[in-house]
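Pasting work_0.cif here (mmCIF, C-alpha atoms):
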```cif
data_query
loop_
_atom_site.label_atom_id
_atom_site.label_comp_id
_atom_site.auth_asym_id
_atom_site.auth_seq_id
_atom_site.Cartn_x
_atom_site.Cartn_y
_atom_site.Cartn_z
CA MET I 1 4.38 -6.16 19.26
CA THR I 2 1.50 -6.53 21.68
CA ASP I 3 -2.02 -7.72 20.86
CA HIS I 4 -3.12 -4.08 21.09
CA ASP I 5 -0.43 -2.98 18.61
CA ASP I 6 -1.22 -5.81 16.17
CA PHE I 7 -4.95 -5.09 16.34
CA LEU I 8 -4.51 -1.34 15.84
CA THR I 9 -2.24 -1.96 12.85
CA TRP I 10 -4.92 -4.26 11.34
CA VAL I 11 -7.62 -1.59 11.93
CA LYS I 12 -5.51 1.10 10.25
CA THR I 13 -4.56 -1.05 7.26
CA ALA I 14 -6.72 -4.04 6.28
CA LEU I 15 -9.95 -2.77 7.83
CA TYR I 16 -9.46 0.78 6.54
CA GLU I 17 -8.66 -0.48 3.02
CA ALA I 18 -11.75 -2.74 3.01
CA GLU I 19 -14.03 0.14 4.02
CA LEU I 20 -12.49 2.42 1.39
CA ALA I 21 -13.00 -0.30 -1.25
CA LEU I 22 -16.66 -0.70 -0.24
CA HIS I 23 -17.25 3.03 -0.67
CA ASN I 24 -15.83 2.68 -4.18
CA GLY I 25 -18.31 -0.10 -5.02
CA ASP I 26 -16.07 -3.08 -4.18
CA ALA I 27 -17.53 -5.26 -1.39
CA PRO I 28 -15.32 -8.42 -1.48
CA PRO I 29 -12.52 -6.88 0.66
CA ARG I 30 -15.06 -6.02 3.38
CA ARG I 31 -16.79 -9.39 3.09
CA ALA I 32 -13.39 -11.12 3.53
CA LEU I 33 -12.90 -9.47 6.94
CA TRP I 34 -16.23 -10.57 8.38
CA SER I 35 -16.59 -13.57 10.66
CA ARG I 36 -17.36 -16.93 9.14
CA ASN I 37 -19.02 -17.95 12.42
CA GLU I 38 -22.45 -17.08 13.75
CA PRO I 39 -23.64 -14.92 15.33
CA VAL I 40 -22.90 -11.94 13.10
CA SER I 41 -25.03 -8.82 12.94
CA ILE I 42 -25.31 -5.25 11.73
CA LEU I 43 -27.45 -2.55 13.26
CA GLY I 44 -26.88 -0.16 10.43
CA ALA I 45 -27.58 3.27 9.13
CA TRP I 46 -29.31 1.60 6.13
CA ARG I 47 -30.88 -1.46 7.72
CA ASN I 48 -30.44 -4.13 10.36
CA VAL I 49 -29.32 -7.62 9.36
CA TYR I 50 -28.57 -10.84 11.19
CA GLY I 51 -26.58 -13.85 9.98
CA ARG I 52 -24.13 -14.40 7.12
CA ARG I 53 -26.80 -14.63 4.40
CA GLU I 54 -28.41 -11.30 5.28
CA ILE I 55 -25.00 -9.64 5.71
CA ASP I 56 -23.90 -10.86 2.26
CA GLU I 57 -27.15 -9.47 0.79
CA LEU I 58 -26.52 -6.10 2.45
CA PHE I 59 -22.93 -5.97 1.20
CA ALA I 60 -24.15 -6.71 -2.35
CA ALA I 61 -26.65 -3.84 -2.10
CA LEU I 62 -24.02 -1.46 -0.72
CA GLU I 63 -21.62 -2.46 -3.50
CA LYS I 64 -24.25 -1.47 -6.09
CA SER I 65 -25.02 1.82 -4.32
CA PHE I 66 -21.57 3.21 -3.52
CA SER I 67 -19.07 4.68 -5.99
CA ASN I 68 -16.53 7.44 -6.45
CA CYS I 69 -15.30 7.75 -2.87
CA THR I 70 -13.31 10.96 -2.65
CA SER I 71 -12.67 10.76 1.10
CA TYR I 72 -12.97 8.19 3.87
CA VAL I 73 -11.54 8.92 7.32
CA PHE I 74 -12.03 6.71 10.37
CA GLU I 75 -11.61 8.82 13.50
CA LEU I 76 -10.89 6.17 16.12
CA GLN I 77 -12.08 7.35 19.52
CA ALA I 78 -11.73 4.18 21.61
CA TYR I 79 -10.64 0.57 21.25
CA ASP I 80 -9.58 -2.37 23.35
CA VAL I 81 -8.46 -5.97 23.00
CA SER I 82 -9.22 -8.68 25.54
CA GLY I 83 -8.00 -12.11 24.52
CA ASP I 84 -9.72 -13.08 21.27
CA MET I 85 -12.26 -10.22 21.42
CA ALA I 86 -11.84 -6.54 20.57
CA TYR I 87 -13.90 -3.46 19.77
CA THR I 88 -13.56 -0.08 18.09
CA ALA I 89 -15.68 3.04 18.44
CA GLY I 90 -15.29 6.11 16.33
CA LEU I 91 -16.57 8.41 13.62
CA GLU I 92 -16.53 7.56 9.92
CA HIS I 93 -16.33 10.69 7.74
CA THR I 94 -17.21 9.83 4.14
CA SER I 95 -17.62 11.60 0.83
CA ALA I 96 -18.85 9.24 -1.89
CA SER I 97 -21.60 8.85 -4.43
CA VAL I 98 -24.66 6.95 -3.23
CA ASP I 99 -26.88 5.77 -6.08
CA GLY I 100 -25.01 8.22 -8.33
CA GLU I 101 -25.53 11.27 -6.09
CA PRO I 102 -22.52 12.81 -4.29
CA ARG I 103 -22.97 12.74 -0.51
CA THR I 104 -20.92 13.69 2.50
CA TYR I 105 -21.85 12.26 5.89
CA THR I 106 -20.53 11.10 9.25
CA LEU I 107 -21.48 7.86 10.97
CA ARG I 108 -20.93 6.88 14.57
CA ALA I 109 -19.56 3.35 14.25
CA THR I 110 -18.94 0.70 16.87
CA GLN I 111 -17.66 -2.71 15.84
CA VAL I 112 -16.96 -5.92 17.74
CA TYR I 113 -14.28 -8.32 16.53
CA ARG I 114 -13.22 -11.84 17.33
CA ARG I 115 -10.02 -13.62 16.48
CA GLU I 116 -10.63 -16.70 14.32
CA ASP I 117 -7.74 -18.92 13.30
CA GLY I 118 -5.34 -16.15 14.29
CA GLU I 119 -7.06 -13.45 12.17
CA TRP I 120 -9.30 -10.60 13.31
CA ARG I 121 -12.87 -10.77 11.94
CA VAL I 122 -15.79 -8.39 12.36
CA ALA I 123 -18.67 -10.01 14.27
CA HIS I 124 -20.94 -7.01 14.84
CA ARG I 125 -21.34 -3.45 13.54
CA HIS I 126 -23.51 -0.64 14.76
CA GLY I 127 -23.57 2.55 12.72
CA ASP I 128 -25.84 5.54 12.79
CA THR I 129 -25.80 8.96 11.20
CA VAL I 130 -24.49 11.90 13.19
CA THR I 131 -26.92 14.80 12.95
CA ASP I 132 -26.38 18.39 14.05
#
```
Would you write out, as structure tokens, the structure that this file holds?
Amino acid sequence: MTDHDDFLTWVKTALYEAELALHNGDAPPRRALWSRNEPVSILGAWRNVYGRREIDELFAALEKSFSNCTSYVFELQAYDVSGDMAYTAGLEHTSASVDGEPRTYTLRATQVYRREDGEWRVAHRHGDTVTD
């Protein structure tokens, strides 16, 4: 397999499963896929955070807010791998409860990854709500 194939497989399995878990109120799988090295950042639909401490705080808040995910689809629109760096860009279509209220929404999501000790890790995320 090529680096591109390996990365795409990781996106469609480990990364997808971690995002699904988060939307069911389980943040540790997502946290496990994030970089252990600075810099890390999120420019998010909820709030912007910088550094591991702030990211961990955000993941804890998301874990408390999300539950009962009935659908999560990542519509990958573009990706590339260059050495130990990669990115994805796509649409995240989600139906889940947020603070106990059922919601359905779509986010535009771009993520940057770096390979650390042979494993892909998320280093940056940008997500914003798609509006009509």
Once the PyMOL selection byres ((chain I and resi 20) around 10) has been evaluated on this model, what residues remain selected, and can you format them as a ChimeraX atom specification? /I:14-19,21-27,29-30,69-74,94,96
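Nearest to I:Lys64 of all the residues I:Asp99, I:Asp117, I:Asp128, I:Asp3 is I:Asp99, based on only C-alpha atoms.
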Given all atoms listed in the file as the basis, pick out the residue of I:Arg52, I:Arg108, I:Arg114, I:Arg125 nearest to I:Ala86. I:Arg114
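Our summary of the geometry notes that atom CA of I:Arg115 is positioned 6.4 Å from atom CA of I:Met85.
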What do you get, as a PyMOL selection string, if you spell out every residue that the PyMOL selection byres ((chain I and resi 83) around 12) selects here? chain I and resi 2-4+7+80-82+84-87+113-116+118+120
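Going from atom CA of I:Asp6 to atom CA of I:Glu119 covers 10.4 Å.
For the pair atom CA of I:Tyr79 and atom CA of I:Leu91, the interatomic distance is 12.4 Å.
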Given only C-alpha atoms as the counted atoms, nearest of I:Ala45, I:Val122, I:Ala109, I:Ala32 to I:Ala78: I:Ala109
Kindly resolve the PyMOL selection byres ((chain I and resi 59) around 9) on the present coordinates and return the residues as a compact mmCIF listing (two decimals) with C-alpha atoms, in the coordinates of the input.
```txt
# COMPACT_ATOMS: atom_id res chain seq x y z
CA LEU I 22 -16.66 -0.70 -0.24
CA ALA I 27 -17.53 -5.26 -1.39
CA PRO I 28 -15.32 -8.42 -1.48
CA ARG I 30 -15.06 -6.02 3.38
CA ARG I 31 -16.79 -9.39 3.09
CA GLU I 54 -28.41 -11.30 5.28
CA ILE I 55 -25.00 -9.64 5.71
CA ASP I 56 -23.90 -10.86 2.26
CA GLU I 57 -27.15 -9.47 0.79
CA LEU I 58 -26.52 -6.10 2.45
CA ALA I 60 -24.15 -6.71 -2.35
CA ALA I 61 -26.65 -3.84 -2.10
CA LEU I 62 -24.02 -1.46 -0.72
CA GLU I 63 -21.62 -2.46 -3.50
CA LYS I 64 -24.25 -1.47 -6.09
```
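Near I:Gly127, within a cut-off of 10 Å and counting only C-alpha atoms, sit the residues Ile42, Leu43, Gly44, Ala45, Trp46, Arg47, Asn48, Ala89, Gly90, Leu91, Glu92, Thr106, Leu107, Arg108, Ala109, Thr110, Gln111 and Val130 of chain I, with same-chain residues fewer than 3 positions away left out.
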Mind giving me the axis-aligned box for stretch 94-105 of chain I with 6 Å on every side, centre plus edges in Å to one decimal, as AutoDock Vina command-line options?
```
--center_x -22.0 --center_y 9.7 --center_z -1.2 --size_x 21.7 --size_y 19.9 --size_z 26.2
```
